[in-house]
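Visitor: Here you go, this is model-v9.csv (CSV, C-alpha atoms).
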```csv
chain,number,residue,atom,x,y,z
A,1,MET,CA,42.6,13.3,-45.9
A,2,ARG,CA,39.5,15.4,-45.4
A,3,ARG,CA,37.3,12.7,-46.9
A,4,ARG,CA,38.7,10.1,-44.4
A,5,VAL,CA,37.8,12.4,-41.5
A,6,LEU,CA,34.2,12.9,-42.8
A,7,LEU,CA,33.8,9.1,-43.3
A,8,GLY,CA,35.1,8.4,-39.8
A,9,ILE,CA,32.7,10.9,-38.3
A,10,ALA,CA,29.8,9.4,-40.4
A,11,GLY,CA,30.8,5.9,-39.2
A,12,TRP,CA,30.8,7.0,-35.5
A,13,LEU,CA,27.4,8.7,-35.9
A,14,ALA,CA,26.0,5.6,-37.5
A,15,ALA,CA,27.3,3.4,-34.7
A,16,LEU,CA,25.9,5.8,-32.1
A,17,VAL,CA,22.4,5.8,-33.7
A,18,ALA,CA,22.5,1.9,-33.9
A,19,ALA,CA,23.6,1.7,-30.2
A,20,ILE,CA,20.8,4.0,-29.1
A,21,GLY,CA,18.2,2.0,-31.2
A,22,VAL,CA,19.4,-1.3,-29.7
A,23,GLY,CA,19.3,0.2,-26.2
A,24,LEU,CA,15.8,1.5,-26.6
A,25,ALA,CA,14.6,-1.8,-28.0
A,26,ALA,CA,16.2,-3.7,-25.0
A,27,ILE,CA,14.4,-1.3,-22.5
A,28,GLY,CA,11.1,-1.9,-24.3
A,29,VAL,CA,11.6,-5.7,-24.1
A,30,LEU,CA,12.6,-5.6,-20.4
A,31,GLU,CA,9.8,-3.2,-19.5
A,32,ASP,CA,7.2,-5.6,-21.0
A,33,GLY,CA,8.8,-8.5,-19.1
A,34,ILE,CA,8.8,-6.7,-15.7
A,35,THR,CA,5.5,-4.8,-15.8
A,36,GLY,CA,3.6,-6.9,-18.3
A,37,SER,CA,2.1,-5.6,-21.6
A,38,GLY,CA,-1.3,-4.9,-20.0
A,39,VAL,CA,0.0,-2.0,-17.8
A,40,ARG,CA,-1.5,1.4,-18.6
A,41,THR,CA,-1.2,4.8,-17.1
A,42,LEU,CA,-4.4,6.2,-15.7
A,43,ASP,CA,-5.3,9.9,-15.7
A,44,ARG,CA,-7.1,11.5,-12.8
A,45,ASP,CA,-10.6,10.7,-14.1
A,46,SER,CA,-9.7,7.1,-14.7
A,47,VAL,CA,-8.4,6.7,-11.2
A,48,ARG,CA,-11.6,8.2,-9.7
A,49,ARG,CA,-13.7,5.8,-11.9
A,50,GLU,CA,-11.6,2.8,-10.9
A,51,LEU,CA,-11.8,3.7,-7.2
A,52,SER,CA,-15.6,4.2,-7.3
A,53,SER,CA,-16.3,0.9,-9.0
A,54,PRO,CA,-17.2,-2.1,-6.8
A,55,ALA,CA,-14.2,-4.3,-5.8
A,56,ALA,CA,-14.1,-7.9,-6.8
A,57,PRO,CA,-14.6,-10.4,-3.9
A,58,ALA,CA,-11.4,-11.4,-2.3
A,59,GLY,CA,-10.5,-15.1,-1.8
A,60,ASP,CA,-9.2,-16.6,1.4
A,61,VAL,CA,-6.1,-14.4,1.7
A,62,ARG,CA,-3.8,-13.8,4.7
A,63,PRO,CA,-1.2,-11.0,5.4
A,64,SER,CA,2.1,-11.5,3.8
A,65,PRO,CA,4.7,-12.6,6.3
A,66,GLU,CA,7.5,-11.0,4.2
A,67,THR,CA,6.0,-7.5,4.1
A,68,GLY,CA,3.6,-7.6,7.1
A,69,VAL,CA,1.1,-5.9,4.8
A,70,SER,CA,-2.4,-7.3,4.8
A,71,PRO,CA,-4.5,-7.7,1.7
A,72,PRO,CA,-8.1,-6.8,1.6
A,73,SER,CA,-10.2,-8.8,4.2
A,74,ALA,CA,-11.2,-12.2,3.1
A,75,GLY,CA,-14.7,-12.7,1.9
A,76,THR,CA,-15.8,-9.1,2.4
A,77,GLY,CA,-16.7,-8.5,-1.3
A,78,ALA,CA,-17.5,-5.1,-2.6
A,79,PRO,CA,-17.8,-2.1,-0.2
A,80,ARG,CA,-21.4,-1.4,0.8
A,81,ARG,CA,-23.0,1.9,0.2
A,82,ASP,CA,-23.5,2.5,3.9
A,83,GLU,CA,-19.9,1.8,4.7
A,84,ILE,CA,-17.5,4.5,5.7
A,85,THR,CA,-13.8,3.7,5.1
A,86,ARG,CA,-10.8,5.7,6.5
A,87,VAL,CA,-7.0,5.4,6.6
A,88,LEU,CA,-5.9,5.9,10.2
A,89,SER,CA,-2.2,6.6,11.1
A,90,THR,CA,-0.8,5.4,14.4
A,91,GLU,CA,2.7,5.4,15.9
A,92,GLY,CA,3.2,1.7,14.9
A,93,GLY,CA,1.6,1.8,11.4
A,94,THR,CA,-1.3,2.6,9.3
A,95,VAL,CA,-4.7,0.9,9.4
A,96,THR,CA,-7.5,1.1,6.8
A,97,ALA,CA,-10.8,0.5,8.6
A,98,ALA,CA,-14.4,0.5,7.6
A,99,CYS,CA,-17.6,1.0,9.6
A,100,ALA,CA,-21.0,-0.3,8.6
A,101,ARG,CA,-24.1,-0.6,10.8
A,102,GLY,CA,-22.0,0.3,13.8
A,103,LEU,CA,-19.5,-2.5,13.3
A,104,ALA,CA,-15.8,-2.0,12.8
A,105,ARG,CA,-13.8,-4.0,10.2
A,106,LEU,CA,-10.1,-3.9,9.4
A,107,VAL,CA,-9.7,-3.6,5.6
A,108,ALA,CA,-5.9,-3.5,5.6
A,109,TRP,CA,-2.9,-2.6,7.7
A,110,SER,CA,0.7,-1.7,7.2
A,111,PRO,CA,3.3,-1.5,10.0
A,112,ARG,CA,5.9,1.2,10.0
A,113,GLN,CA,9.5,0.2,9.3
A,114,GLY,CA,10.8,-1.8,12.1
A,115,PHE,CA,7.4,-3.0,13.3
A,116,GLU,CA,5.4,-6.2,12.7
A,117,ALA,CA,1.6,-6.6,12.8
A,118,GLU,CA,0.3,-9.2,15.2
A,119,LYS,CA,-3.0,-10.2,17.0
A,120,GLU,CA,-5.3,-9.0,14.2
A,121,VAL,CA,-9.0,-9.0,15.0
A,122,ARG,CA,-10.5,-8.1,11.6
A,123,GLY,CA,-14.2,-7.8,12.5
A,124,PRO,CA,-16.8,-6.9,11.7
A,125,ALA,CA,-17.3,-6.4,15.5
A,126,ALA,CA,-17.9,-3.7,18.0
A,127,GLU,CA,-14.1,-3.3,18.0
A,128,ALA,CA,-11.5,-4.4,15.5
A,129,ALA,CA,-7.9,-4.4,16.5
A,130,VAL,CA,-4.3,-5.0,15.5
A,131,THR,CA,-1.0,-4.8,17.4
A,132,PHE,CA,2.1,-3.2,15.9
A,133,GLU,CA,5.2,-4.5,17.6
A,134,SER,CA,8.9,-3.6,17.4
A,135,ASP,CA,11.9,-4.4,19.6
A,136,ASP,CA,11.3,-1.3,21.7
A,137,ALA,CA,7.6,-0.8,21.8
A,138,GLU,CA,4.2,-2.2,21.2
A,139,TYR,CA,1.1,-0.3,20.0
A,140,ASP,CA,-2.3,-1.9,20.5
A,141,VAL,CA,-4.6,-0.2,18.0
A,142,THR,CA,-8.4,-0.6,18.6
A,143,VAL,CA,-10.8,0.6,15.9
A,144,THR,CA,-14.4,1.6,16.8
A,145,CYS,CA,-17.2,3.2,14.9
A,146,GLY,CA,-18.4,6.7,15.8
A,147,PRO,CA,-20.9,9.0,14.1
A,148,GLY,CA,-18.3,10.1,11.5
A,149,GLY,CA,-16.9,6.6,10.8
A,150,PRO,CA,-13.9,4.7,12.1
A,151,THR,CA,-11.6,6.0,14.8
A,152,ALA,CA,-8.5,4.5,16.2
A,153,GLY,CA,-7.5,4.4,19.9
A,154,THR,CA,-3.8,3.5,20.5
A,155,VAL,CA,-2.3,2.1,23.7
A,156,LYS,CA,1.5,2.0,24.0
A,157,ASP,CA,3.3,-0.8,25.9
A,158,ASP,CA,7.0,-0.4,26.1
A,159,GLY,CA,7.5,-3.6,28.1
A,160,HIS,CA,7.1,-1.9,31.4
A,161,GLY,CA,3.3,-1.6,31.5
A,162,ARG,CA,0.7,0.3,29.7
A,163,HIS,CA,1.1,4.0,29.0
A,164,GLY,CA,-1.6,6.5,28.0
A,165,ARG,CA,-4.3,6.1,25.3
A,166,ASP,CA,-4.2,8.2,22.2
A,167,HIS,CA,-7.1,8.7,19.8
A,168,ASP,CA,-7.0,9.5,16.1
```
Can you dump the structure from the file as structure tokens?
Guide:
Amino acid sequence: MRRRVLLGIAGWLAALVAAIGVGLAAIGVLEDGITGSGVRTLDRDSVRRELSSPAAPAGDVRPSPETGVSPPSAGTGAPRRDEITRVLSTEGGTVTAACARGLARLVAWSPRQGFEAEKEVRGPAAEAAVTFESDDAEYDVTVTCGPGGPTAGTVKDDGHGRHGRDHD
């Protein structure tokens, strides 16, 4: 009787080990299919190295209508040494802008949840702009270049006329 119990326990343990092995193998296969086998984790130094290396030139790309998030500006190529880039937060969303030689350029933008991006003026120009619009409000964001780099001015329109100007 005791031998049967030990064999039963051994059988359950063997089945448990086999199930765990099959599960881990399935996760490995699914992970490679979802993320691709070329995905690697970067440490802090690798991230700094990657961010400081020149970017590849972008093709003719447009903002995604599904996400409202813009890709890097078309045809801008690698950032220039004299270019200052900043991420600017506004009530309607976030704008990544760059200044070089006194001209403003929208690098990317991302509306907050419930907003859409419209009327983009990418630049480079004296002013670059994007409008973040929701059902309740509209924020016109204008980016200009100052001595310290890009700054954003925001004008809110709630459908009843313009209200105040905020600067970031």
Visitor: Between CA of Val87 (chain A) and CA of Val141 (chain A), what distance in Å does the model show, to one decimal?
Guide: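 Computing it gives 12.9 Å between the two atoms.
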Visitor: Measuring atom to atom with all atoms listed in the file, identify which of A:Ala14, A:Gly102, A:Ala26, A:Arg112 is nearest to Thr90 (chain A).
Guide: A:Arg112
Visitor: Suppose you want the space between CA of Phe132 (chain A) and CA of Val155 (chain A); what is it in Å?
Guide: 10.4 Å
Visitor: Could you please determine the separation between CA of Thr96 (chain A) and CA of Gly153 (chain A) in Å, to one decimal place?
Guide: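 We find that CA of Thr96 (chain A) and CA of Gly153 (chain A) lie 13.5 Å from each other.
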